[in-house]
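Enquirer: The structure file run.cif (mmCIF, N, CA and C atoms) is provided below.
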```cif
data_run
#
loop_
_atom_site.label_atom_id
_atom_site.label_comp_id
_atom_site.auth_asym_id
_atom_site.auth_seq_id
_atom_site.Cartn_x
_atom_site.Cartn_y
_atom_site.Cartn_z
N MET I 1174 1.70 -9.13 14.41
CA MET I 1174 1.29 -10.13 13.45
C MET I 1174 -0.19 -10.50 13.61
N LEU I 1175 -0.77 -10.23 14.75
CA LEU I 1175 -2.17 -10.58 14.95
C LEU I 1175 -3.06 -9.84 13.97
N ILE I 1176 -2.75 -8.57 13.71
CA ILE I 1176 -3.56 -7.81 12.77
C ILE I 1176 -3.42 -8.40 11.37
N LEU I 1177 -2.23 -8.75 10.98
CA LEU I 1177 -2.02 -9.31 9.64
C LEU I 1177 -2.74 -10.63 9.46
N ASP I 1178 -2.91 -11.38 10.53
CA ASP I 1178 -3.55 -12.69 10.45
C ASP I 1178 -5.05 -12.65 10.74
N LYS I 1179 -5.58 -11.49 11.02
CA LYS I 1179 -7.00 -11.38 11.35
C LYS I 1179 -7.85 -11.72 10.12
N PRO I 1180 -8.79 -12.65 10.25
CA PRO I 1180 -9.59 -13.05 9.09
C PRO I 1180 -10.71 -12.07 8.75
N ASP I 1181 -11.08 -11.22 9.70
CA ASP I 1181 -12.20 -10.29 9.49
C ASP I 1181 -11.68 -8.90 9.14
N ARG I 1182 -12.61 -7.99 8.90
CA ARG I 1182 -12.26 -6.60 8.65
C ARG I 1182 -11.58 -6.02 9.89
N LEU I 1183 -10.67 -5.09 9.66
CA LEU I 1183 -9.99 -4.43 10.76
C LEU I 1183 -10.91 -3.41 11.40
N ASP I 1184 -10.82 -3.25 12.72
CA ASP I 1184 -11.58 -2.19 13.37
C ASP I 1184 -10.80 -0.88 13.18
N PRO I 1185 -11.38 0.27 13.52
CA PRO I 1185 -10.70 1.55 13.27
C PRO I 1185 -9.32 1.67 13.91
N GLY I 1186 -9.14 1.14 15.09
CA GLY I 1186 -7.82 1.19 15.74
C GLY I 1186 -6.79 0.36 15.01
N GLU I 1187 -7.21 -0.82 14.57
CA GLU I 1187 -6.32 -1.69 13.80
C GLU I 1187 -5.98 -1.07 12.45
N GLU I 1188 -6.98 -0.45 11.84
CA GLU I 1188 -6.77 0.23 10.56
C GLU I 1188 -5.73 1.35 10.72
N GLU I 1189 -5.83 2.09 11.79
CA GLU I 1189 -4.86 3.17 12.06
C GLU I 1189 -3.45 2.61 12.23
N ILE I 1190 -3.33 1.50 12.93
CA ILE I 1190 -2.02 0.86 13.10
C ILE I 1190 -1.47 0.43 11.75
N MET I 1191 -2.29 -0.20 10.94
CA MET I 1191 -1.84 -0.66 9.61
C MET I 1191 -1.43 0.53 8.74
N ARG I 1192 -2.18 1.61 8.80
CA ARG I 1192 -1.88 2.78 7.97
C ARG I 1192 -0.62 3.51 8.44
N SER I 1193 -0.15 3.22 9.63
CA SER I 1193 1.05 3.91 10.13
C SER I 1193 2.35 3.25 9.66
N HIS I 1194 2.29 2.05 9.11
CA HIS I 1194 3.53 1.35 8.80
C HIS I 1194 4.41 2.03 7.75
N PRO I 1195 3.87 2.72 6.73
CA PRO I 1195 4.78 3.39 5.79
C PRO I 1195 5.61 4.49 6.45
N VAL I 1196 4.99 5.26 7.32
CA VAL I 1196 5.71 6.35 8.00
C VAL I 1196 6.71 5.78 9.00
N ILE I 1197 6.32 4.74 9.71
CA ILE I 1197 7.24 4.11 10.67
C ILE I 1197 8.46 3.56 9.93
N GLY I 1198 8.23 2.87 8.82
CA GLY I 1198 9.34 2.34 8.03
C GLY I 1198 10.25 3.45 7.52
N TYR I 1199 9.65 4.52 7.02
CA TYR I 1199 10.42 5.66 6.54
C TYR I 1199 11.27 6.25 7.67
N GLU I 1200 10.67 6.47 8.81
CA GLU I 1200 11.39 7.06 9.95
C GLU I 1200 12.53 6.15 10.42
N LEU I 1201 12.32 4.86 10.39
CA LEU I 1201 13.38 3.93 10.79
C LEU I 1201 14.56 3.94 9.83
N LEU I 1202 14.30 4.19 8.55
CA LEU I 1202 15.33 4.08 7.53
C LEU I 1202 15.97 5.40 7.10
N LYS I 1203 15.33 6.52 7.37
CA LYS I 1203 15.75 7.78 6.76
C LYS I 1203 17.16 8.24 7.15
N ASN I 1204 17.68 7.83 8.27
CA ASN I 1204 19.01 8.26 8.69
C ASN I 1204 20.10 7.23 8.42
N ILE I 1205 19.75 6.18 7.71
CA ILE I 1205 20.75 5.17 7.34
C ILE I 1205 21.42 5.63 6.05
N GLU I 1206 22.70 5.77 6.09
CA GLU I 1206 23.46 6.37 5.00
C GLU I 1206 23.25 5.70 3.65
N ASP I 1207 23.19 4.40 3.61
CA ASP I 1207 23.12 3.68 2.33
C ASP I 1207 21.71 3.58 1.75
N ILE I 1208 20.72 4.10 2.43
CA ILE I 1208 19.35 4.06 1.91
C ILE I 1208 19.14 5.27 1.00
N THR I 1209 18.85 5.01 -0.25
CA THR I 1209 18.70 6.09 -1.23
C THR I 1209 17.36 6.81 -1.08
N PRO I 1210 17.28 8.03 -1.59
CA PRO I 1210 15.99 8.74 -1.57
C PRO I 1210 14.89 7.98 -2.32
N GLU I 1211 15.25 7.26 -3.37
CA GLU I 1211 14.25 6.49 -4.12
C GLU I 1211 13.67 5.36 -3.26
N ILE I 1212 14.52 4.71 -2.50
CA ILE I 1212 14.03 3.64 -1.62
C ILE I 1212 13.16 4.23 -0.52
N LEU I 1213 13.57 5.34 0.05
CA LEU I 1213 12.76 6.00 1.07
C LEU I 1213 11.39 6.39 0.52
N ASP I 1214 11.38 6.89 -0.72
CA ASP I 1214 10.13 7.24 -1.38
C ASP I 1214 9.23 6.02 -1.51
N GLY I 1215 9.81 4.89 -1.90
CA GLY I 1215 9.04 3.66 -2.03
C GLY I 1215 8.50 3.16 -0.71
N VAL I 1216 9.31 3.23 0.31
CA VAL I 1216 8.88 2.78 1.64
C VAL I 1216 7.72 3.62 2.13
N ARG I 1217 7.83 4.92 1.98
CA ARG I 1217 6.80 5.83 2.51
C ARG I 1217 5.52 5.84 1.67
N HIS I 1218 5.63 5.66 0.36
CA HIS I 1218 4.49 5.93 -0.51
C HIS I 1218 3.91 4.72 -1.23
N HIS I 1219 4.25 3.50 -0.82
CA HIS I 1219 3.77 2.33 -1.55
C HIS I 1219 2.27 2.06 -1.39
N HIS I 1220 1.58 2.88 -0.61
CA HIS I 1220 0.11 2.78 -0.51
C HIS I 1220 -0.58 4.02 -1.06
N GLU I 1221 0.12 4.77 -1.88
CA GLU I 1221 -0.48 5.94 -2.53
C GLU I 1221 -1.15 5.48 -3.83
N TYR I 1222 -2.28 6.11 -4.17
CA TYR I 1222 -3.01 5.79 -5.39
C TYR I 1222 -3.10 7.02 -6.27
N LEU I 1223 -3.20 6.78 -7.57
CA LEU I 1223 -3.16 7.86 -8.55
C LEU I 1223 -4.22 8.92 -8.30
N ASP I 1224 -5.36 8.53 -7.75
CA ASP I 1224 -6.46 9.48 -7.54
C ASP I 1224 -6.35 10.24 -6.22
N GLY I 1225 -5.29 10.01 -5.46
CA GLY I 1225 -5.10 10.73 -4.20
C GLY I 1225 -5.76 10.08 -3.00
N SER I 1226 -6.34 8.91 -3.18
CA SER I 1226 -7.05 8.26 -2.07
C SER I 1226 -6.15 7.40 -1.19
N GLY I 1227 -4.86 7.34 -1.51
CA GLY I 1227 -3.94 6.51 -0.73
C GLY I 1227 -3.43 7.20 0.52
N TYR I 1228 -2.47 6.57 1.16
CA TYR I 1228 -1.89 7.11 2.38
C TYR I 1228 -0.41 6.83 2.39
N PRO I 1229 0.39 7.55 3.12
CA PRO I 1229 0.07 8.49 4.20
C PRO I 1229 -0.08 9.95 3.75
N ASP I 1230 0.29 10.27 2.51
CA ASP I 1230 0.36 11.67 2.11
C ASP I 1230 -0.67 12.07 1.06
N ALA I 1231 -1.57 11.19 0.69
CA ALA I 1231 -2.62 11.47 -0.30
C ALA I 1231 -2.05 12.08 -1.58
N LEU I 1232 -0.96 11.48 -2.07
CA LEU I 1232 -0.35 11.97 -3.31
C LEU I 1232 -1.27 11.65 -4.49
N THR I 1233 -1.14 12.43 -5.56
CA THR I 1233 -1.87 12.16 -6.80
C THR I 1233 -0.88 11.76 -7.88
N ALA I 1234 -1.40 11.35 -9.03
CA ALA I 1234 -0.59 10.77 -10.11
C ALA I 1234 0.70 11.52 -10.41
N PRO I 1235 0.67 12.84 -10.59
CA PRO I 1235 1.92 13.52 -10.95
C PRO I 1235 3.00 13.46 -9.87
N GLU I 1236 2.59 13.20 -8.63
CA GLU I 1236 3.52 13.19 -7.51
C GLU I 1236 4.08 11.80 -7.21
N ILE I 1237 3.59 10.78 -7.88
CA ILE I 1237 3.96 9.40 -7.58
C ILE I 1237 4.98 8.93 -8.62
N SER I 1238 6.15 8.55 -8.14
CA SER I 1238 7.21 8.11 -9.04
C SER I 1238 6.88 6.75 -9.67
N ASP I 1239 7.56 6.46 -10.76
CA ASP I 1239 7.37 5.16 -11.41
C ASP I 1239 7.75 4.02 -10.48
N LEU I 1240 8.80 4.20 -9.69
CA LEU I 1240 9.20 3.15 -8.74
C LEU I 1240 8.08 2.88 -7.75
N VAL I 1241 7.48 3.94 -7.20
CA VAL I 1241 6.39 3.76 -6.24
C VAL I 1241 5.20 3.09 -6.92
N ARG I 1242 4.91 3.46 -8.15
CA ARG I 1242 3.81 2.82 -8.88
C ARG I 1242 4.06 1.32 -9.02
N LEU I 1243 5.26 0.96 -9.36
CA LEU I 1243 5.62 -0.45 -9.50
C LEU I 1243 5.51 -1.18 -8.15
N LEU I 1244 5.99 -0.56 -7.09
CA LEU I 1244 5.89 -1.17 -5.75
C LEU I 1244 4.44 -1.33 -5.33
N THR I 1245 3.61 -0.34 -5.64
CA THR I 1245 2.19 -0.41 -5.27
C THR I 1245 1.51 -1.57 -6.01
N ILE I 1246 1.77 -1.67 -7.29
CA ILE I 1246 1.19 -2.77 -8.07
C ILE I 1246 1.67 -4.11 -7.52
N SER I 1247 2.95 -4.21 -7.20
CA SER I 1247 3.52 -5.44 -6.65
C SER I 1247 2.89 -5.78 -5.31
N ASP I 1248 2.67 -4.77 -4.48
CA ASP I 1248 2.05 -4.98 -3.17
C ASP I 1248 0.62 -5.50 -3.32
N ILE I 1249 -0.12 -4.92 -4.24
CA ILE I 1249 -1.50 -5.36 -4.47
C ILE I 1249 -1.50 -6.78 -5.03
N PHE I 1250 -0.62 -7.06 -5.97
CA PHE I 1250 -0.53 -8.41 -6.53
C PHE I 1250 -0.22 -9.42 -5.43
N ALA I 1251 0.72 -9.09 -4.57
CA ALA I 1251 1.06 -10.00 -3.46
C ALA I 1251 -0.15 -10.23 -2.57
N ALA I 1252 -0.92 -9.18 -2.31
CA ALA I 1252 -2.13 -9.34 -1.48
C ALA I 1252 -3.15 -10.24 -2.17
N LEU I 1253 -3.29 -10.10 -3.48
CA LEU I 1253 -4.22 -10.95 -4.22
C LEU I 1253 -3.79 -12.41 -4.18
N ILE I 1254 -2.52 -12.65 -4.39
CA ILE I 1254 -2.00 -14.01 -4.36
C ILE I 1254 -2.15 -14.60 -2.96
N GLU I 1255 -1.80 -13.83 -1.96
CA GLU I 1255 -1.92 -14.30 -0.58
C GLU I 1255 -3.37 -14.59 -0.23
N SER I 1256 -4.29 -13.74 -0.66
CA SER I 1256 -5.69 -13.98 -0.31
C SER I 1256 -6.23 -15.23 -1.00
N SER I 1257 -5.77 -15.50 -2.22
CA SER I 1257 -6.24 -16.71 -2.89
C SER I 1257 -5.64 -17.97 -2.27
N ARG I 1258 -4.42 -17.85 -1.72
CA ARG I 1258 -3.75 -19.00 -1.11
C ARG I 1258 -4.33 -19.30 0.27
N THR I 1259 -4.62 -18.26 1.04
CA THR I 1259 -5.05 -18.46 2.41
C THR I 1259 -6.57 -18.43 2.59
N GLY I 1260 -7.26 -17.88 1.59
CA GLY I 1260 -8.70 -17.71 1.74
C GLY I 1260 -9.08 -16.47 2.51
N ARG I 1261 -8.08 -15.71 2.96
CA ARG I 1261 -8.38 -14.47 3.67
C ARG I 1261 -8.83 -13.41 2.67
N PRO I 1262 -9.74 -12.54 3.07
CA PRO I 1262 -10.19 -11.52 2.13
C PRO I 1262 -9.12 -10.48 1.86
N CYS I 1263 -9.07 -10.01 0.63
CA CYS I 1263 -8.20 -8.89 0.28
C CYS I 1263 -8.83 -7.65 0.92
N ARG I 1264 -8.02 -6.77 1.49
CA ARG I 1264 -8.56 -5.65 2.25
C ARG I 1264 -8.62 -4.35 1.46
N VAL I 1265 -9.00 -4.43 0.20
CA VAL I 1265 -9.20 -3.23 -0.60
C VAL I 1265 -10.56 -2.68 -0.25
N LYS I 1266 -10.66 -1.36 -0.04
CA LYS I 1266 -11.92 -0.78 0.40
C LYS I 1266 -12.89 -0.58 -0.77
N THR I 1267 -13.28 -1.65 -1.39
CA THR I 1267 -14.29 -1.62 -2.44
C THR I 1267 -15.23 -2.80 -2.20
N PRO I 1268 -16.15 -2.68 -1.24
CA PRO I 1268 -16.95 -3.82 -0.83
C PRO I 1268 -17.86 -4.38 -1.92
N THR I 1269 -18.19 -3.59 -2.95
CA THR I 1269 -19.09 -4.11 -3.97
C THR I 1269 -18.37 -4.79 -5.12
N ARG I 1270 -17.04 -4.75 -5.11
CA ARG I 1270 -16.27 -5.37 -6.19
C ARG I 1270 -15.15 -6.23 -5.59
N SER I 1271 -14.76 -7.23 -6.33
CA SER I 1271 -13.63 -8.04 -5.89
C SER I 1271 -12.34 -7.28 -6.12
N CYS I 1272 -11.27 -7.71 -5.48
CA CYS I 1272 -9.97 -7.07 -5.67
C CYS I 1272 -9.53 -7.14 -7.13
N ALA I 1273 -9.78 -8.27 -7.77
CA ALA I 1273 -9.37 -8.41 -9.17
C ALA I 1273 -10.11 -7.42 -10.05
N ALA I 1274 -11.40 -7.24 -9.82
CA ALA I 1274 -12.17 -6.27 -10.60
C ALA I 1274 -11.70 -4.86 -10.30
N TRP I 1275 -11.36 -4.61 -9.06
CA TRP I 1275 -10.89 -3.27 -8.68
C TRP I 1275 -9.59 -2.93 -9.40
N THR I 1276 -8.62 -3.84 -9.41
CA THR I 1276 -7.36 -3.56 -10.06
C THR I 1276 -7.53 -3.51 -11.58
N ALA I 1277 -8.43 -4.31 -12.13
CA ALA I 1277 -8.67 -4.30 -13.57
C ALA I 1277 -9.30 -2.99 -14.02
N SER I 1278 -9.98 -2.30 -13.10
CA SER I 1278 -10.66 -1.06 -13.46
C SER I 1278 -9.72 0.13 -13.56
N TRP I 1279 -8.47 -0.04 -13.15
CA TRP I 1279 -7.52 1.07 -13.24
C TRP I 1279 -7.27 1.44 -14.68
N ASN I 1280 -7.25 2.70 -14.95
CA ASN I 1280 -6.91 3.18 -16.28
C ASN I 1280 -5.53 3.82 -16.17
N VAL I 1281 -4.52 3.00 -15.98
CA VAL I 1281 -3.16 3.49 -15.75
C VAL I 1281 -2.42 3.59 -17.07
N ARG I 1282 -1.83 4.74 -17.30
CA ARG I 1282 -1.01 4.93 -18.49
C ARG I 1282 0.39 5.22 -18.04
N TRP I 1283 1.33 4.40 -18.42
CA TRP I 1283 2.72 4.58 -18.03
C TRP I 1283 3.35 5.50 -18.98
#
```
Write the structure described by the file as structure tokens, please.
Expert:
Amino acid sequence: MLILDKPDRLDPGEEEIMRSHPVIGYELLKNIEDITPEILDGVRHHHEYLDGSGYPDALTAPEISDLVRLLTISDIFAALIESSRTGRPCRVKTPTRSCAAWTASWNVRW
């Protein structure tokens, strides 16, 4: 929880820890019988972006399911709401633009 509560930018080691959570979650859940492939896909890929710049698998638009797209948008929205409530910076890697401008710049076609 210390990393999640850190008010400053993450250092490279902390960034690596944060980027590992989708794979850790996937590995923890993949052998549970009642967890569907769609849920596993969402757990593993909710930080993937249409342009391939996401993680952990650098998927591009054609490889990202609608469910994962919805989860990604929801995750970003939650981060925006949380940052406005707590005053903590949103950790989107676009230092010259705000998170709101970054998400508004998406040209997403469903």
Enquirer: Applying 7 Å and only N, CA and C atoms, which residues near segment 1226-1240 of chain I remain after dropping the ones on its own chain fewer than 4 positions away? List them as a list in words.
Expert: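 The contact residues come out as Arg1192, Pro1195, Val1196, Gly1215, Arg1217, His1218, His1219, His1220, Glu1221, Tyr1222, Leu1244 and Thr1245 of chain I.
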Enquirer: Return the single residue from I:Met1191, I:Ile1246, I:Tyr1199, I:Ile1254 that is closest to Ile1212 of chain I, with distances computed using all atoms listed in the file.
Expert: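 Looking only at the distances to Ile1212 of chain I, the closest residue turns out to be I:Tyr1199.
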Enquirer: Work out how far apart atom C of Gly1198 of chain I and atom C of Val1216 of chain I are and give it in Å to one decimal.
Expert: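 Distance between the two atoms: 6.0 Å.
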Enquirer: Please enclose the listed atoms of segment 1207-1210 of chain I in an axis-aligned box, pad each side by 8 Å, and write out the centre and the three edge lengths in Å, rounded to one decimal, as AutoDock Vina command-line options.
Expert:
```
--center_x 19.0 --center_y 6.2 --center_z 0.6 --size_x 24.3 --size_y 21.2 --size_z 21.9
```
Enquirer: Distance atom CA of Glu1187 of chain I-atom C of Leu1175 of chain I, one decimal place?
Expert: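 Answer for the atom CA of Glu1187 of chain I to atom C of Leu1175 of chain I separation: 8.8 Å.
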Enquirer: Between atom N of Gly1225 of chain I and atom CA of Phe1250 of chain I, what is the distance, to one decimal in Å?
Expert: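 Atom CA of Phe1250 of chain I lies at a distance of 19.1 Å from atom N of Gly1225 of chain I.
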Enquirer: Select from segment 1214-1250 of chain I everything DSSP, run on the backbone, classes as helix (DSSP H, G or I), then give the selection as JSON, numbers by chain.
Expert: {"I": [1214, 1215, 1216, 1217, 1218, 1234, 1235, 1236, 1239, 1240, 1241, 1242, 1243, 1244, 1245, 1246, 1247, 1248, 1249, 1250]}
Enquirer: Model the absent atoms of segment 1208-1223 of chain I so that N, CA, C and O atoms are present, and write the result as a compact mmCIF listing (two decimals), in the frame of the given file.
Expert:
```
# COMPACT_ATOMS: atom_id res chain seq x y z
N ILE I 1208 20.72 4.10 2.43
CA ILE I 1208 19.35 4.06 1.91
C ILE I 1208 19.14 5.27 1.00
O ILE I 1208 19.24 6.41 1.44
N THR I 1209 18.85 5.01 -0.25
CA THR I 1209 18.70 6.09 -1.23
C THR I 1209 17.36 6.81 -1.08
O THR I 1209 16.40 6.24 -0.55
N PRO I 1210 17.28 8.03 -1.59
CA PRO I 1210 15.99 8.74 -1.57
C PRO I 1210 14.89 7.98 -2.32
O PRO I 1210 13.72 8.03 -1.92
N GLU I 1211 15.25 7.26 -3.37
CA GLU I 1211 14.25 6.49 -4.12
C GLU I 1211 13.67 5.36 -3.26
O GLU I 1211 12.46 5.12 -3.30
N ILE I 1212 14.52 4.71 -2.50
CA ILE I 1212 14.03 3.64 -1.62
C ILE I 1212 13.16 4.23 -0.52
O ILE I 1212 12.08 3.69 -0.22
N LEU I 1213 13.57 5.34 0.05
CA LEU I 1213 12.76 6.00 1.07
C LEU I 1213 11.39 6.39 0.52
O LEU I 1213 10.37 6.24 1.18
N ASP I 1214 11.38 6.89 -0.72
CA ASP I 1214 10.13 7.24 -1.38
C ASP I 1214 9.23 6.02 -1.51
O ASP I 1214 8.03 6.07 -1.22
N GLY I 1215 9.81 4.89 -1.90
CA GLY I 1215 9.04 3.66 -2.03
C GLY I 1215 8.50 3.16 -0.71
O GLY I 1215 7.35 2.72 -0.62
N VAL I 1216 9.31 3.23 0.31
CA VAL I 1216 8.88 2.78 1.64
C VAL I 1216 7.72 3.62 2.13
O VAL I 1216 6.71 3.11 2.62
N ARG I 1217 7.83 4.92 1.98
CA ARG I 1217 6.80 5.83 2.51
C ARG I 1217 5.52 5.84 1.67
O ARG I 1217 4.43 6.00 2.20
N HIS I 1218 5.63 5.66 0.36
CA HIS I 1218 4.49 5.93 -0.51
C HIS I 1218 3.91 4.72 -1.23
O HIS I 1218 3.11 4.87 -2.14
N HIS I 1219 4.25 3.50 -0.82
CA HIS I 1219 3.77 2.33 -1.55
C HIS I 1219 2.27 2.06 -1.39
O HIS I 1219 1.74 1.15 -2.01
N HIS I 1220 1.58 2.88 -0.61
CA HIS I 1220 0.11 2.78 -0.51
C HIS I 1220 -0.58 4.02 -1.06
O HIS I 1220 -1.74 4.27 -0.75
N GLU I 1221 0.12 4.77 -1.88
CA GLU I 1221 -0.48 5.94 -2.53
C GLU I 1221 -1.15 5.48 -3.83
O GLU I 1221 -0.66 4.58 -4.50
N TYR I 1222 -2.28 6.11 -4.17
CA TYR I 1222 -3.01 5.79 -5.39
C TYR I 1222 -3.10 7.02 -6.27
O TYR I 1222 -3.10 8.15 -5.80
N LEU I 1223 -3.20 6.78 -7.57
CA LEU I 1223 -3.16 7.86 -8.55
C LEU I 1223 -4.22 8.92 -8.30
O LEU I 1223 -4.01 10.10 -8.59
```
